[in-house]
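A.B. asks: After the structure tokens below, expect a handful of questions from me.
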Amino acid sequence: MDQAKKVRPGTLLLSAAIGLTGGFLLAIPLSRSLTTDAGAPPLLPVSNPFSSWSVFDSREILVLGVDEGGGNTDAIFTLRVEGGRTSITQIPRDSYINSQSFGPVKANALYAYGGLDAVKSELSRLMGRPINHHILVNLNGIRTLSDLVGGVEVDVPKRLYYRDSSQGLLIDLQPGPQVLQGEDLEGFLRWRHDGEGDLGRLARQQLVLRSLFGSMTRPENLVRLPALIQAAGQNLDTDLGAMELGGLITAMGITELETERLPARPFYKDGISYLDTEWPVYQNGRNASDSSGQRYPFLY
């Protein structure tokens with residue numbers, strides 16, 4: 001993969017342990033434990049050795065979920081830690097992009113066409129901010145993490161049923177609150193066989209992200225975080241080093257999660273369904289090169 005580094009389990013274990021320790025030090029500063037009362041100054045001047053990592057420089061990180069074939073990307077979002085928040089922006093995989101190198105494509109095909117460099121370049125242009133780092137994860141990584149934390153609690157909005165004998169795929173979920181693990185969770189994330197298409201899938205991904213984030217930050221799972229990250233690391237590639245991963249984990253562990261998805265409307269062009277996505281860089285004056293809504297009819 002372009003400039004990607006396979007993260008060794010030992011490296012992830014070290015960085016996760018550092019990040020976890022830093023998170024606890026940041027969440028409960030040592031200076032508080034050395035005060036005589038709430039208004040008194042600390043008895044000893046204590047500095048947090050991990051404080052320089054906690055902001056993580058407000059860098060934008062591209063997170064891609066790769067399908068089983070390793071070509072198209074099933075999930076695309078950016079992650080940013082800033083101002084006490086972890087902000088996740090979901091990018092619809094069927095977004096129409098008039099790419100500078102490949103012409104009109106769906107967002108999820110950029111990785112197959114040009115690898116990580118192409119995805120970063122195009123999304124940096126459309127998001128209006130530089131995206132220099134990436135985390136690439138496959139479905140096995142999400143399944144492993146969810147299984148290790150005891151599953152992901154979601155409210156399945158409706159009956160989801162789909163069978164594909166050629167892929168050996170069966171999705172059969174009843175509506176209502178439940179804990180999903182393994183193949184059931186994978187089916188919940190992959191299912192898109194209704195009129196909502198990619199937009200419905202984005203909503204389900206958001207439910208899982210919120211639930212998984214909440215599970216990972218529970219005290220009983222925080223103490224197991226190094227082992228959890230080590231297990232997931234076998235299904236993860238990134239250009240972040242061990243210290244940077246530790247900083248990211250530290251920062252995420254003490255913030256609140258905010259998720260959003262870019263607004264989009266479906267349309268057809270040349271017999272292919274796309275999503276006309278409202279990219280941040282064009283919200284104050286749309287650019288026709290990446291917007292086809294005025295030229296092709298919307299589906300709804």
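Residues are named by chain letter and number: chains run A, B, ... in the order of the structure tokens, numbers start at 1 in each chain, and ligands are numbered from 1 in the order shown.
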So that I can see what lies close to Gly71 in chain A, please list as a PDB file with C-alpha atoms, in the first residue's frame the residues with an atom at most 9 Å from it, counting only C-alpha atoms and leaving out residues fewer than 4 positions away in the same chain.
C.D. replies:
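Once written, around14.pdb looks like this:
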ATOM      1  CA  VAL A  66     -11.735  -2.004   2.927  1.00  0.00           C
ATOM      2  CA  ASP A  67     -14.066  -4.648   1.547  1.00  0.00           C
ATOM      3  CA  ASN A 108     -15.237   4.310  -3.041  1.00  0.00           C
ATOM      4  CA  ALA A 109     -13.370   3.521  -6.295  1.00  0.00           C
ATOM      5  CA  TYR A 111      -8.533   3.574  -3.649  1.00  0.00           C
ATOM      6  CA  ALA A 112      -8.760   0.873  -6.326  1.00  0.00           C
ATOM      7  CA  TYR A 113      -7.738   3.334  -9.055  1.00  0.00           C
TER       8      TYR A 113
END
A.B. asks: Enumerate, in order of chain and increasing residue number, the residues of range 146-256 of chain A with an atom no farther than 9 Å from range 127-133 of chain A, each with its shortest atom pair and distance in Å to one decimal, counting only C-alpha atoms, as a tab-separated table.
C.D. replies:
residue	atom	partner	partner_atom	distance
A:Thr238	CA	A:His133	CA	7.7
A:Asp239	CA	A:His133	CA	6.3
A:Leu240	CA	A:His133	CA	7.0
A.B. asks: Save out the residues we just selected, C-alpha atoms, as a PDB file, in the first residue's frame.
C.D. replies:
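As a result, selection_15.pdb now contains:
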ATOM      1  CA  THR A 238      -1.344   3.120   9.012  1.00  0.00           C
ATOM      2  CA  ASP A 239       1.387   5.674   8.393  1.00  0.00           C
ATOM      3  CA  LEU A 240       1.259   6.779  12.038  1.00  0.00           C
TER       4      LEU A 240
END
A.B. asks: With only C-alpha atoms as the basis for distance, which of A:Gly84, A:Val119, A:Val105, A:Glu153 is at the shortest distance from Ile61 in chain A?
C.D. replies: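 Smallest distance to Ile61 in chain A is found for A:Val119.
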A.B. asks: Could you pull out the alpha helix (DSSP H) residues of range 106-292 of chain A, going by DSSP on the backbone, and write them as number ranges by chain?
C.D. replies: A: 110-127, 139-148, 182-190, 197-216, 219-222, 225-233, 242-253
A.B. asks: I want to know what sits within 8 Å of range 194-209 of chain A, based on only C-alpha atoms, with residues of the same chain fewer than 2 positions away left out; could you give that as a PyMOL selection string?
C.D. replies: chain A and resi 90+92-94+152-154+188-192+211-213+259+261
A.B. asks: Could the residues in this selection be written to a file with N, CA, C and O atoms, as a PDB file, in the first residue's frame?
C.D. replies:
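Saved result, out_31.pdb, follows:
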ATOM      1  N   GLN A  90     -18.443  11.408   8.036  1.00  0.00           N
ATOM      2  CA  GLN A  90     -18.643  10.312   7.100  1.00  0.00           C
ATOM      3  C   GLN A  90     -18.795  10.852   5.678  1.00  0.00           C
ATOM      4  O   GLN A  90     -19.496  11.837   5.442  1.00  0.00           O
ATOM      5  N   PRO A  92     -20.055   9.719   1.962  1.00  0.00           N
ATOM      6  CA  PRO A  92     -20.790   8.666   1.250  1.00  0.00           C
ATOM      7  C   PRO A  92     -19.926   7.992   0.187  1.00  0.00           C
ATOM      8  O   PRO A  92     -19.280   8.655  -0.619  1.00  0.00           O
ATOM      9  N   ARG A  93     -19.919   6.676   0.212  1.00  0.00           N
ATOM     10  CA  ARG A  93     -19.057   5.924  -0.704  1.00  0.00           C
ATOM     11  C   ARG A  93     -19.469   6.082  -2.160  1.00  0.00           C
ATOM     12  O   ARG A  93     -18.644   5.929  -3.063  1.00  0.00           O
ATOM     13  N   ASP A  94     -20.734   6.396  -2.417  1.00  0.00           N
ATOM     14  CA  ASP A  94     -21.202   6.565  -3.792  1.00  0.00           C
ATOM     15  C   ASP A  94     -21.128   8.014  -4.275  1.00  0.00           C
ATOM     16  O   ASP A  94     -21.698   8.365  -5.313  1.00  0.00           O
ATOM     17  N   VAL A 152     -21.516  -4.986  20.157  1.00  0.00           N
ATOM     18  CA  VAL A 152     -21.910  -3.590  19.982  1.00  0.00           C
ATOM     19  C   VAL A 152     -23.424  -3.504  20.114  1.00  0.00           C
ATOM     20  O   VAL A 152     -24.164  -4.196  19.403  1.00  0.00           O
ATOM     21  N   GLU A 153     -23.889  -2.658  21.026  1.00  0.00           N
ATOM     22  CA  GLU A 153     -25.319  -2.520  21.263  1.00  0.00           C
ATOM     23  C   GLU A 153     -25.913  -1.491  20.303  1.00  0.00           C
ATOM     24  O   GLU A 153     -25.505  -0.325  20.305  1.00  0.00           O
ATOM     25  N   VAL A 154     -26.832  -1.917  19.454  1.00  0.00           N
ATOM     26  CA  VAL A 154     -27.484  -1.010  18.509  1.00  0.00           C
ATOM     27  C   VAL A 154     -28.980  -1.297  18.492  1.00  0.00           C
ATOM     28  O   VAL A 154     -29.425  -2.379  18.882  1.00  0.00           O
ATOM     29  N   PHE A 188     -24.987  -6.189   9.494  1.00  0.00           N
ATOM     30  CA  PHE A 188     -25.615  -4.900   9.793  1.00  0.00           C
ATOM     31  C   PHE A 188     -24.887  -3.761   9.090  1.00  0.00           C
ATOM     32  O   PHE A 188     -25.503  -2.819   8.582  1.00  0.00           O
ATOM     33  N   LEU A 189     -23.554  -3.833   9.038  1.00  0.00           N
ATOM     34  CA  LEU A 189     -22.754  -2.792   8.403  1.00  0.00           C
ATOM     35  C   LEU A 189     -22.830  -2.841   6.878  1.00  0.00           C
ATOM     36  O   LEU A 189     -22.767  -1.815   6.212  1.00  0.00           O
ATOM     37  N   ARG A 190     -22.974  -4.052   6.316  1.00  0.00           N
ATOM     38  CA  ARG A 190     -22.918  -4.191   4.869  1.00  0.00           C
ATOM     39  C   ARG A 190     -24.279  -4.068   4.186  1.00  0.00           C
ATOM     40  O   ARG A 190     -24.345  -3.785   2.992  1.00  0.00           O
ATOM     41  N   TRP A 191     -25.356  -4.285   4.913  1.00  0.00           N
ATOM     42  CA  TRP A 191     -26.679  -4.363   4.293  1.00  0.00           C
ATOM     43  C   TRP A 191     -27.079  -3.032   3.672  1.00  0.00           C
ATOM     44  O   TRP A 191     -26.941  -1.979   4.273  1.00  0.00           O
ATOM     45  N   ARG A 192     -27.566  -3.065   2.428  1.00  0.00           N
ATOM     46  CA  ARG A 192     -27.989  -1.835   1.757  1.00  0.00           C
ATOM     47  C   ARG A 192     -29.070  -2.119   0.707  1.00  0.00           C
ATOM     48  O   ARG A 192     -29.182  -1.427  -0.297  1.00  0.00           O
ATOM     49  N   SER A 211     -21.657   3.390  19.300  1.00  0.00           N
ATOM     50  CA  SER A 211     -21.715   2.327  20.296  1.00  0.00           C
ATOM     51  C   SER A 211     -20.325   1.770  20.594  1.00  0.00           C
ATOM     52  O   SER A 211     -19.974   1.539  21.757  1.00  0.00           O
ATOM     53  N   LEU A 212     -19.513   1.562  19.540  1.00  0.00           N
ATOM     54  CA  LEU A 212     -18.173   1.026  19.744  1.00  0.00           C
ATOM     55  C   LEU A 212     -17.312   2.018  20.508  1.00  0.00           C
ATOM     56  O   LEU A 212     -16.553   1.630  21.403  1.00  0.00           O
ATOM     57  N   PHE A 213     -17.415   3.310  20.188  1.00  0.00           N
ATOM     58  CA  PHE A 213     -16.658   4.331  20.902  1.00  0.00           C
ATOM     59  C   PHE A 213     -17.046   4.330  22.376  1.00  0.00           C
ATOM     60  O   PHE A 213     -16.181   4.399  23.262  1.00  0.00           O
ATOM     61  N   THR A 259     -20.360  12.820  15.502  1.00  0.00           N
ATOM     62  CA  THR A 259     -20.352  12.248  14.165  1.00  0.00           C
ATOM     63  C   THR A 259     -21.316  13.027  13.274  1.00  0.00           C
ATOM     64  O   THR A 259     -22.354  13.501  13.719  1.00  0.00           O
ATOM     65  N   ARG A 261     -22.448  13.211   8.773  1.00  0.00           N
ATOM     66  CA  ARG A 261     -22.187  12.764   7.405  1.00  0.00           C
ATOM     67  C   ARG A 261     -22.462  13.917   6.460  1.00  0.00           C
ATOM     68  O   ARG A 261     -23.317  14.774   6.723  1.00  0.00           O
TER      69      ARG A 261
END
A.B. asks: Would you work out the distance separating CA of Glu122 in chain A from CA of Ile97 in chain A, expressed in Å to one decimal?
C.D. replies: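 Going from CA of Glu122 in chain A over to CA of Ile97 in chain A, I get 8.3 Å.
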